[in-house]
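Raw work30.cif, mmCIF, C-alpha atoms (C1' of nucleotides):
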data_target
#
loop_
_atom_site.label_atom_id
_atom_site.label_comp_id
_atom_site.auth_asym_id
_atom_site.auth_seq_id
_atom_site.Cartn_x
_atom_site.Cartn_y
_atom_site.Cartn_z
CA MET A 1 2.89 -105.78 96.60
CA LYS A 2 2.79 -106.35 100.32
CA ALA A 3 6.34 -106.34 101.66
CA THR A 4 8.18 -103.09 101.11
CA ARG A 5 11.49 -104.71 101.92
CA SER A 6 12.85 -108.12 101.02
CA PRO A 7 16.18 -109.37 99.67
CA ALA A 8 14.71 -110.03 96.24
CA ARG A 9 13.04 -106.63 96.10
CA ASP A 10 16.22 -104.89 97.15
CA ARG A 11 18.18 -106.77 94.54
CA VAL A 12 15.73 -105.68 91.87
CA LEU A 13 15.81 -102.03 92.93
CA ASN A 14 19.59 -101.93 93.21
CA THR A 15 20.07 -103.55 89.84
CA ALA A 16 17.49 -101.30 88.22
CA THR A 17 19.09 -98.22 89.75
CA ARG A 18 22.48 -99.18 88.41
CA LEU A 19 21.26 -100.05 84.92
CA PHE A 20 18.70 -97.27 84.51
CA TYR A 21 21.22 -94.64 85.46
CA ALA A 22 24.08 -96.04 83.42
CA GLU A 23 22.22 -96.94 80.26
CA GLY A 24 18.87 -95.19 80.31
CA VAL A 25 15.38 -96.31 81.16
CA HIS A 26 14.03 -97.32 77.78
CA THR A 27 17.13 -99.20 76.72
CA VAL A 28 17.11 -101.48 79.76
CA GLY A 29 14.42 -104.13 79.71
CA VAL A 30 12.72 -105.97 82.52
CA ASP A 31 14.25 -109.25 81.37
CA ARG A 32 17.75 -107.87 81.79
CA ILE A 33 17.00 -106.48 85.25
CA ILE A 34 15.60 -109.72 86.59
CA ALA A 35 18.45 -111.68 85.03
CA GLU A 36 21.14 -109.52 86.63
CA ALA A 37 19.24 -109.33 89.90
CA GLY A 38 18.89 -113.13 89.95
CA VAL A 39 15.15 -112.90 90.45
CA ALA A 40 12.22 -114.66 88.82
CA LYS A 41 9.87 -112.69 86.64
CA ALA A 42 6.90 -113.50 88.83
CA THR A 43 8.82 -112.17 91.82
CA PHE A 44 9.45 -108.93 90.03
CA TYR A 45 5.80 -108.46 89.16
CA HIS A 46 4.94 -109.46 92.68
CA HIS A 47 6.79 -106.43 94.02
CA TYR A 48 6.22 -103.96 91.23
CA ARG A 49 2.99 -103.39 89.35
CA SER A 50 4.80 -102.49 86.14
CA LYS A 51 8.12 -101.32 84.79
CA ASP A 52 7.02 -97.70 85.11
CA ASP A 53 6.34 -98.42 88.75
CA LEU A 54 9.93 -99.56 89.11
CA VAL A 55 11.16 -96.43 87.37
CA CYS A 56 9.26 -94.35 89.90
CA GLY A 57 10.80 -96.40 92.70
CA TYR A 58 14.23 -95.81 91.23
CA LEU A 59 13.73 -92.06 91.18
CA GLU A 60 12.15 -91.98 94.63
CA GLY A 61 15.26 -93.74 95.87
CA GLN A 62 17.50 -91.15 94.26
CA ALA A 63 15.47 -88.36 95.82
CA ALA A 64 15.76 -90.00 99.23
CA LEU A 65 19.52 -90.30 98.79
CA GLN A 66 19.80 -86.59 98.08
CA ARG A 67 17.59 -85.65 101.00
CA ASP A 68 19.83 -87.72 103.24
CA ALA A 69 22.96 -86.19 101.73
CA VAL A 70 21.93 -82.59 102.34
CA GLN A 71 20.99 -83.41 105.92
CA THR A 72 24.66 -84.01 106.62
CA LEU A 73 25.44 -80.44 105.58
CA THR A 74 26.13 -78.21 108.57
CA GLY A 75 27.14 -74.65 109.26
CA ALA A 76 25.79 -71.31 108.10
CA PRO A 77 23.13 -71.41 105.34
CA LEU A 78 25.38 -69.96 102.66
CA ASP A 79 28.12 -72.39 103.63
CA GLN A 80 25.66 -75.22 103.17
CA ILE A 81 24.82 -73.99 99.68
CA ASN A 82 28.49 -73.77 98.82
CA ALA A 83 29.09 -77.22 100.24
CA PHE A 84 26.24 -78.64 98.20
CA PHE A 85 27.64 -77.31 94.95
CA ASP A 86 31.14 -78.41 95.88
CA LEU A 87 29.75 -81.87 96.36
CA LEU A 88 27.93 -81.68 93.04
CA GLY A 89 31.14 -80.74 91.28
CA GLU A 90 32.95 -83.60 92.94
CA VAL A 91 30.30 -86.17 92.12
CA GLY A 92 30.19 -84.89 88.54
CA CYS A 93 33.89 -85.71 88.19
CA GLY A 94 33.46 -89.16 89.64
CA PRO A 95 33.55 -92.32 87.54
CA GLY A 96 30.30 -93.38 85.93
CA PHE A 97 28.68 -89.98 86.27
CA ARG A 98 26.06 -89.64 83.59
CA GLY A 99 24.12 -86.53 84.50
CA CYS A 100 21.08 -86.08 86.68
CA PRO A 101 18.83 -89.14 86.93
CA PHE A 102 15.74 -86.95 87.10
CA LEU A 103 16.61 -84.93 84.00
CA ASN A 104 17.58 -88.05 82.09
CA ALA A 105 14.30 -89.71 83.03
CA ALA A 106 12.30 -86.61 82.15
CA ALA A 107 13.91 -86.59 78.72
CA GLU A 108 12.59 -90.11 78.17
CA TYR A 109 9.06 -89.41 79.38
CA ALA A 110 7.61 -86.67 77.24
CA ASP A 111 4.18 -86.60 78.89
CA PRO A 112 4.28 -84.16 81.83
CA ALA A 113 1.33 -85.96 83.45
CA HIS A 114 3.14 -89.29 83.59
CA PRO A 115 3.81 -90.62 87.11
CA VAL A 116 7.55 -90.60 86.42
CA ARG A 117 7.40 -86.91 85.61
CA GLN A 118 5.49 -86.26 88.80
CA VAL A 119 8.31 -87.80 90.81
CA VAL A 120 10.70 -85.52 88.95
CA ASP A 121 8.51 -82.51 89.67
CA ARG A 122 8.36 -83.34 93.36
CA TYR A 123 12.14 -83.58 93.54
CA ARG A 124 12.59 -80.27 91.81
CA ARG A 125 10.07 -78.54 94.08
CA TRP A 126 11.91 -79.95 97.07
CA PHE A 127 15.26 -78.67 95.77
CA ARG A 128 13.91 -75.22 95.07
CA GLU A 129 12.28 -74.93 98.46
CA PHE A 130 15.35 -76.27 100.22
CA MET A 131 17.53 -73.62 98.60
CA ALA A 132 14.97 -70.88 99.14
CA GLY A 133 14.80 -71.83 102.82
CA LEU A 134 18.56 -71.55 103.23
CA LEU A 135 18.60 -68.20 101.44
CA ARG A 136 15.75 -66.90 103.57
CA GLU A 137 17.60 -68.07 106.64
CA ALA A 138 20.68 -66.20 105.45
CA GLY A 139 18.61 -63.01 105.06
CA HIS A 140 18.98 -62.96 101.30
CA ARG A 141 17.03 -60.21 99.61
CA ALA A 142 15.40 -62.41 96.96
CA PRO A 143 15.29 -66.02 98.17
CA GLU A 144 12.74 -67.40 95.73
CA ALA A 145 14.20 -65.85 92.60
CA THR A 146 17.73 -66.79 93.61
CA ALA A 147 16.67 -70.35 94.37
CA GLY A 148 15.42 -70.47 90.79
CA LEU A 149 18.85 -69.38 89.58
CA LEU A 150 20.48 -72.03 91.74
CA LEU A 151 18.25 -74.66 90.17
CA ILE A 152 19.31 -73.47 86.73
CA LEU A 153 22.93 -73.65 87.86
CA ARG A 154 22.42 -77.12 89.30
CA ASP A 155 20.86 -78.35 86.06
CA GLY A 156 23.59 -76.81 83.95
CA ILE A 157 26.33 -78.36 86.05
CA ALA A 158 24.71 -81.79 86.09
CA VAL A 159 24.09 -81.78 82.36
CA GLY A 160 27.50 -80.36 81.46
CA SER A 161 29.39 -82.74 83.73
CA GLY A 162 27.61 -85.65 82.11
CA ILE A 163 28.37 -84.62 78.52
CA ASP A 164 31.39 -82.33 78.44
CA ASP A 165 34.63 -82.43 80.39
CA PRO A 166 33.49 -82.45 84.04
CA VAL A 167 36.77 -80.96 85.23
CA LEU A 168 36.15 -77.83 83.17
CA VAL A 169 32.60 -77.61 84.45
CA ARG A 170 33.72 -78.01 88.03
CA ALA A 171 36.28 -75.24 87.64
CA GLY A 172 33.52 -72.75 86.93
CA ILE A 173 31.19 -73.63 89.77
CA GLY A 174 32.81 -71.40 92.38
CA THR A 175 32.72 -68.36 90.13
CA ALA A 176 29.15 -68.96 89.11
CA LEU A 177 28.01 -69.40 92.68
CA ARG A 178 29.78 -66.27 93.85
CA LYS A 179 28.10 -64.26 91.11
CA ILE A 180 24.65 -65.60 91.82
CA LEU A 181 24.68 -65.22 95.60
CA MET B 1 21.96 -92.55 49.68
CA LYS B 2 22.61 -90.51 46.55
CA ALA B 3 20.26 -87.55 46.47
CA THR B 4 20.59 -85.26 49.46
CA ARG B 5 17.32 -83.56 48.66
CA SER B 6 14.04 -84.95 47.44
CA PRO B 7 10.42 -84.47 48.44
CA ALA B 8 10.23 -87.89 50.05
CA ARG B 9 13.47 -87.37 51.95
CA ASP B 10 12.34 -83.98 53.18
CA ARG B 11 9.05 -85.43 54.33
CA VAL B 12 10.88 -88.12 56.29
CA LEU B 13 13.23 -85.64 57.95
CA ASN B 14 10.47 -83.17 58.78
CA THR B 15 8.26 -85.87 60.25
CA ALA B 16 11.13 -87.37 62.20
CA THR B 17 12.12 -83.97 63.53
CA ARG B 18 8.61 -83.29 64.75
CA LEU B 19 8.14 -86.71 66.35
CA PHE B 20 11.63 -87.14 67.79
CA TYR B 21 11.51 -83.78 69.48
CA ALA B 22 7.96 -84.09 70.78
CA GLU B 23 8.03 -87.70 71.95
CA GLY B 24 11.64 -88.79 72.18
CA VAL B 25 13.87 -90.82 69.94
CA HIS B 26 13.43 -94.31 71.33
CA THR B 27 9.66 -94.08 71.66
CA VAL B 28 9.13 -93.20 67.99
CA GLY B 29 9.61 -96.09 65.58
CA VAL B 30 10.55 -96.12 61.96
CA ASP B 31 7.16 -97.55 61.02
CA ARG B 32 5.42 -94.55 62.52
CA ILE B 33 7.70 -92.08 60.79
CA ILE B 34 7.23 -93.57 57.35
CA ALA B 35 3.48 -93.85 57.90
CA GLU B 36 3.10 -90.20 58.88
CA ALA B 37 5.53 -89.08 56.19
CA GLY B 38 3.60 -91.05 53.58
CA VAL B 39 6.72 -92.81 52.39
CA ALA B 40 7.49 -96.43 51.62
CA LYS B 41 9.87 -98.30 53.84
CA ALA B 42 12.24 -99.00 50.98
CA THR B 43 12.34 -95.29 50.26
CA PHE B 44 13.29 -94.55 53.83
CA TYR B 45 16.15 -97.04 53.82
CA HIS B 46 17.16 -95.72 50.42
CA HIS B 47 17.85 -92.32 51.95
CA TYR B 48 19.00 -93.32 55.41
CA ARG B 49 21.31 -96.18 56.28
CA SER B 50 19.61 -96.76 59.61
CA LYS B 51 17.41 -95.13 62.20
CA ASP B 52 20.46 -93.83 64.05
CA ASP B 53 21.51 -92.21 60.80
CA LEU B 54 18.18 -90.43 60.73
CA VAL B 55 18.62 -89.33 64.33
CA CYS B 56 21.97 -87.81 63.39
CA GLY B 57 20.32 -86.06 60.47
CA TYR B 58 17.64 -84.71 62.78
CA LEU B 59 20.24 -83.25 65.14
CA GLU B 60 22.39 -81.91 62.31
CA GLY B 61 19.29 -80.11 61.10
CA GLN B 62 18.68 -78.59 64.52
CA ALA B 63 22.31 -77.45 64.68
CA ALA B 64 22.00 -75.85 61.25
CA LEU B 65 18.83 -74.04 62.35
CA GLN B 66 20.62 -72.58 65.33
CA ARG B 67 23.63 -71.54 63.28
CA ASP B 68 21.28 -69.75 60.91
CA ALA B 69 19.41 -68.14 63.80
CA VAL B 70 22.48 -66.62 65.43
CA GLN B 71 23.63 -65.26 62.09
CA THR B 72 20.64 -62.93 62.14
CA LEU B 73 21.90 -61.41 65.40
CA THR B 74 23.48 -58.01 64.89
CA GLY B 75 25.00 -55.23 66.96
CA ALA B 76 27.68 -55.23 69.61
CA PRO B 77 28.94 -58.61 70.82
CA LEU B 78 27.39 -58.34 74.27
CA ASP B 79 24.10 -57.26 72.71
CA GLN B 80 24.19 -60.37 70.57
CA ILE B 81 24.65 -62.52 73.65
CA ASN B 82 21.76 -60.80 75.37
CA ALA B 83 19.63 -61.19 72.27
CA PHE B 84 20.44 -64.88 72.07
CA PHE B 85 19.31 -65.53 75.62
CA ASP B 86 16.23 -63.37 75.13
CA LEU B 87 15.37 -65.56 72.19
CA LEU B 88 16.02 -68.69 74.22
CA GLY B 89 13.65 -67.49 76.92
CA GLU B 90 11.01 -66.70 74.34
CA VAL B 91 11.31 -70.04 72.58
CA GLY B 92 11.22 -71.80 75.94
CA CYS B 93 7.83 -70.25 76.62
CA GLY B 94 6.50 -71.22 73.21
CA PRO B 95 4.01 -74.03 72.70
CA GLY B 96 5.45 -77.49 72.33
CA PHE B 97 8.78 -76.61 73.86
CA ARG B 98 10.30 -79.74 75.33
CA GLY B 99 13.84 -78.79 76.19
CA CYS B 100 16.99 -78.96 74.14
CA PRO B 101 16.96 -81.59 71.39
CA PHE B 102 20.65 -82.26 71.91
CA LEU B 103 20.39 -82.79 75.64
CA ASN B 104 17.32 -84.95 75.23
CA ALA B 105 19.08 -87.07 72.64
CA ALA B 106 22.22 -87.34 74.75
CA ALA B 107 20.09 -88.60 77.63
CA GLU B 108 18.88 -91.42 75.39
CA TYR B 109 22.31 -92.37 74.07
CA ALA B 110 24.50 -93.29 77.01
CA ASP B 111 27.56 -94.22 74.99
CA PRO B 112 29.71 -91.10 74.48
CA ALA B 113 31.32 -92.64 71.40
CA HIS B 114 27.99 -93.08 69.60
CA PRO B 115 27.62 -91.03 66.40
CA VAL B 116 24.59 -89.28 67.87
CA ARG B 117 26.68 -88.13 70.82
CA GLN B 118 29.34 -86.86 68.47
CA VAL B 119 26.81 -84.63 66.76
CA VAL B 120 25.85 -83.34 70.19
CA ASP B 121 29.47 -82.72 71.06
CA ARG B 122 30.05 -80.84 67.84
CA TYR B 123 27.07 -78.59 68.54
CA ARG B 124 28.25 -77.85 72.06
CA ARG B 125 31.76 -77.07 70.89
CA TRP B 126 30.31 -74.71 68.32
CA PHE B 127 28.18 -72.95 70.92
CA ARG B 128 31.06 -72.54 73.34
CA GLU B 129 33.36 -71.17 70.66
CA PHE B 130 30.69 -68.85 69.32
CA MET B 131 30.16 -67.35 72.77
CA ALA B 132 33.88 -67.20 73.49
CA GLY B 133 34.39 -65.38 70.20
CA LEU B 134 31.80 -62.75 71.06
CA LEU B 135 33.29 -62.29 74.52
CA ARG B 136 36.80 -61.95 73.10
CA GLU B 137 35.49 -59.43 70.62
CA ALA B 138 33.94 -57.49 73.49
CA GLY B 139 37.28 -57.43 75.29
CA HIS B 140 36.07 -59.63 78.10
CA ARG B 141 38.76 -60.57 80.59
CA ALA B 142 38.01 -64.30 80.65
CA PRO B 143 36.26 -65.29 77.42
CA GLU B 144 36.76 -69.05 77.61
CA ALA B 145 35.75 -69.49 81.24
CA THR B 146 32.77 -67.19 80.82
CA ALA B 147 31.66 -69.04 77.71
CA GLY B 148 31.61 -72.15 79.87
CA LEU B 149 29.32 -70.39 82.32
CA LEU B 150 27.06 -69.30 79.48
CA LEU B 151 26.81 -72.90 78.32
CA ILE B 152 25.81 -73.93 81.83
CA LEU B 153 23.24 -71.15 81.85
CA ARG B 154 21.95 -72.17 78.45
CA ASP B 155 21.56 -75.78 79.54
CA GLY B 156 19.85 -74.80 82.77
CA ILE B 157 17.39 -72.56 80.96
CA ALA B 158 16.60 -75.14 78.28
CA VAL B 159 16.12 -77.92 80.80
CA GLY B 160 14.12 -75.81 83.26
CA SER B 161 11.86 -74.36 80.57
CA GLY B 162 11.05 -77.85 79.38
CA ILE B 163 10.19 -79.24 82.81
CA ASP B 164 9.20 -76.40 85.14
CA ASP B 165 7.17 -73.27 84.52
CA PRO B 166 8.98 -71.61 81.60
CA VAL B 167 7.66 -68.17 82.57
CA LEU B 168 9.46 -68.36 85.90
CA VAL B 169 12.63 -69.53 84.22
CA ARG B 170 12.46 -66.74 81.68
CA ALA B 171 12.05 -64.16 84.42
CA GLY B 172 15.45 -65.05 85.84
CA ILE B 173 17.44 -65.00 82.61
CA GLY B 174 18.19 -61.29 82.61
CA THR B 175 19.49 -61.33 86.18
CA ALA B 176 21.60 -64.41 85.61
CA LEU B 177 23.12 -62.98 82.46
CA ARG B 178 23.94 -59.67 84.12
CA LYS B 179 25.71 -61.46 86.94
CA ILE B 180 27.72 -63.70 84.67
CA LEU B 181 28.89 -61.05 82.22
"C1'" DT C 1 1.58 -129.49 111.49
"C1'" DC C 2 -0.21 -126.76 108.21
"C1'" DC C 3 -1.01 -122.60 105.84
"C1'" DA C 4 0.28 -118.42 103.74
"C1'" DA C 5 3.75 -115.70 101.82
"C1'" DC C 6 7.78 -115.46 99.14
"C1'" DA C 7 10.51 -117.28 95.86
"C1'" DT C 8 12.05 -120.13 91.69
"C1'" DA C 9 11.99 -121.48 86.47
"C1'" DG C 10 10.35 -120.72 82.30
"C1'" DA C 11 6.68 -121.00 78.69
"C1'" DC C 12 3.57 -118.01 76.46
"C1'" DA C 13 0.89 -114.15 74.25
"C1'" DG C 14 0.70 -110.20 71.68
"C1'" DA C 15 2.64 -106.29 70.37
"C1'" DC C 16 6.35 -103.73 68.47
"C1'" DC C 17 11.10 -103.06 66.80
"C1'" DT C 18 14.63 -102.59 62.88
"C1'" DG C 19 15.99 -103.88 58.61
"C1'" DT C 20 15.57 -106.78 54.11
"C1'" DC C 21 13.40 -108.20 50.19
"C1'" DT C 22 10.24 -108.68 46.05
"C1'" DG C 23 7.86 -106.54 42.63
"C1'" DT C 24 5.58 -102.61 40.39
"C1'" DT C 25 5.18 -97.86 38.69
"C1'" DA C 26 6.59 -93.16 37.40
"C1'" DT C 27 9.88 -89.88 36.09
"C1'" DT C 28 13.94 -88.11 34.00
"C1'" DG C 29 18.20 -87.45 31.35
"C1'" DT C 30 20.75 -89.01 27.36
"C1'" DA D 1 13.67 -95.11 22.99
"C1'" DC D 2 16.10 -96.75 26.76
"C1'" DA D 3 18.43 -97.06 31.06
"C1'" DA D 4 18.83 -95.34 35.55
"C1'" DT D 5 16.80 -93.40 39.48
"C1'" DA D 6 13.25 -92.77 42.81
"C1'" DA D 7 9.24 -93.95 44.73
"C1'" DC D 8 5.44 -96.96 45.77
"C1'" DA D 9 3.11 -101.18 48.52
"C1'" DG D 10 3.68 -104.51 51.64
"C1'" DA D 11 5.26 -109.15 53.13
"C1'" DC D 12 8.78 -111.11 55.86
"C1'" DA D 13 12.49 -112.37 59.20
"C1'" DG D 14 14.34 -112.30 63.57
"C1'" DG D 15 14.58 -110.18 67.58
"C1'" DT D 16 12.88 -107.67 71.86
"C1'" DC D 17 9.48 -105.70 74.70
"C1'" DT D 18 6.03 -105.98 78.70
"C1'" DG D 19 3.14 -108.63 81.24
"C1'" DT D 20 0.56 -113.20 82.44
"C1'" DC D 21 0.47 -117.72 83.58
"C1'" DT D 22 1.46 -122.52 85.34
"C1'" DA D 23 3.76 -125.26 88.34
"C1'" DT D 24 7.01 -126.08 91.92
"C1'" DG D 25 9.99 -125.25 96.00
"C1'" DT D 26 11.16 -123.00 100.49
"C1'" DT D 27 10.40 -120.96 104.82
"C1'" DG D 28 8.56 -118.99 108.96
"C1'" DG D 29 4.84 -118.40 112.22
"C1'" DA D 30 0.35 -119.79 114.52
#

Translate the structure of the given file into structure tokens.
Amino acid sequence: MKATRSPARDRVLNTATRLFYAEGVHTVGVDRIIAEAGVAKATFYHHYRSKDDLVCGYLEGQAALQRDAVQTLTGAPLDQINAFFDLLGEVGCGPGFRGCPFLNAAAEYADPAHPVRQVVDRYRRWFREFMAGLLREAGHRAPEATAGLLLILRDGIAVGSGIDDPVLVRAGIGTALRKIL
Amino acid sequence: MKATRSPARDRVLNTATRLFYAEGVHTVGVDRIIAEAGVAKATFYHHYRSKDDLVCGYLEGQAALQRDAVQTLTGAPLDQINAFFDLLGEVGCGPGFRGCPFLNAAAEYADPAHPVRQVVDRYRRWFREFMAGLLREAGHRAPEATAGLLLILRDGIAVGSGIDDPVLVRAGIGTALRKIL
DNA sequence: TCCAACATAGACAGACCTGTCTGTTATTGT
DNA sequence: ACAATAACAGACAGGTCTGTCTATGTTGGA
């Protein structure tokens, strides 16, 4: 539990990220992760206290990726919001898209007090506040309430793209966004 | 597999429905269901081919409930849509609400070809066509596309009410609906 | 040089999973 | 009365799950 970065640890986290997202958290076992990561079991439990700990690490990683991604957005606040949802629509049409990792994980952890759910909650608070900040910056009349609507839209797009035809979902994003803003 | 209705079968389905929805499909085992239903294991496998078969039955039941619920809606088409989303907001604030059973199940079954996913797909097709029908009836200019937006809204509300503060989610439904329609 | 940290392989425990099977009892329709 | 159906109890098989443990090898820094 000492080193926060090592080749073996990275291999575990990358493998877990790939498998957890593609197949779900409960269906992928520790044995499979360490086998595909080419890591000994003792090494795994050296870096992660438990499987749930790894699940939290997986979601923290996803949250970090998204924070990095939105930092590349530039331009006026409303343009940034549009660009974010454009990106979401594009990613949703990409190969291997299987919905939002946070929503999928939340569906598997029913207890709201579970550490995994707390990571999900943190992500969602961040998203809401990020959107509210942009709206405030743009002089929107109701930043908080509208940020809530954008979160609903985000969830709907992520879920729909993962289950239904993502091309159809993507086609509606522009309209929806224009109506909300 | 003969009788489609019997006290023991009903007890199994009711117990499974309660547990699957509250705690998730993969976390609830067959042993627990038959114990809480007060049913012998042989009886369970007499009525259901497998656990997945029971999961399909659970979701079919939820779909039937929703079909029955919308049949009680009356009045003009747009009023029916408004009433549906009012009801969704109300249910989302109710005790024990844990999101949409179909979305939660889909999150646990990654394979789109799985029978469980097909039940989910059927439900979503029904919902979309139901909304499109009402919009067409109301003379809406773009019934199909708007039905897609309503599905996104529905998903966002269900997901958000299950994870975030459902009261906040509910407060935004009216605005969102007005902007979409 | 030597120690500590990181890594390997893999056995093991104990619990839980789904699904099958044996055998008994009660009910019901003909 | 008799056969079929449904339900009961519970053992059992075979697999998987998480997590612990032993024992060994490698490597880099003081």

Item checked: Residue list for chain A near chain B as an NGL selection string, 10 Å, all atoms listed in the file -> :A and (21-27 or 98-101 or 103-112 or 117 or 120-121 or 124-125 or 145-146 or 148-164 or 168-169 or 171-173 or 175-181)

Item checked: Residues in the PyMOL selection byres ((chain A) within 10 of (chain C)), expressed as a PyMOL selection string -> chain A and resi 2-3+6+8+38-43+46

Next item on the list: Between atom CA of A:Asp52 and atom CA of B:Gly29, measure the distance and give it in Å to one decimal.
Entry: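 Separation of atom CA of A:Asp52 and atom CA of B:Gly29: 19.8 Å.
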
Next item on the list: Taking all atoms listed in the file into account, report as a PyMOL selection string which residues of chain D lie within 10 Å of chain A.
Entry: chain D and resi 16-21

Next item on the list: Would you kindly translate the PyMOL selection byres ((chain A and resi 73-90) around 7) into the concrete residues it picks from this file, as a PyMOL selection string?
Entry: chain A and resi 70-72+91-94+134-135+137-138+170

Item checked: Distance in Å - atom CA of A:Val55 versus atom CA of B:His114 ->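 Between atom CA of A:Val55 and atom CA of B:His114 the gap works out to 24.7 Å.
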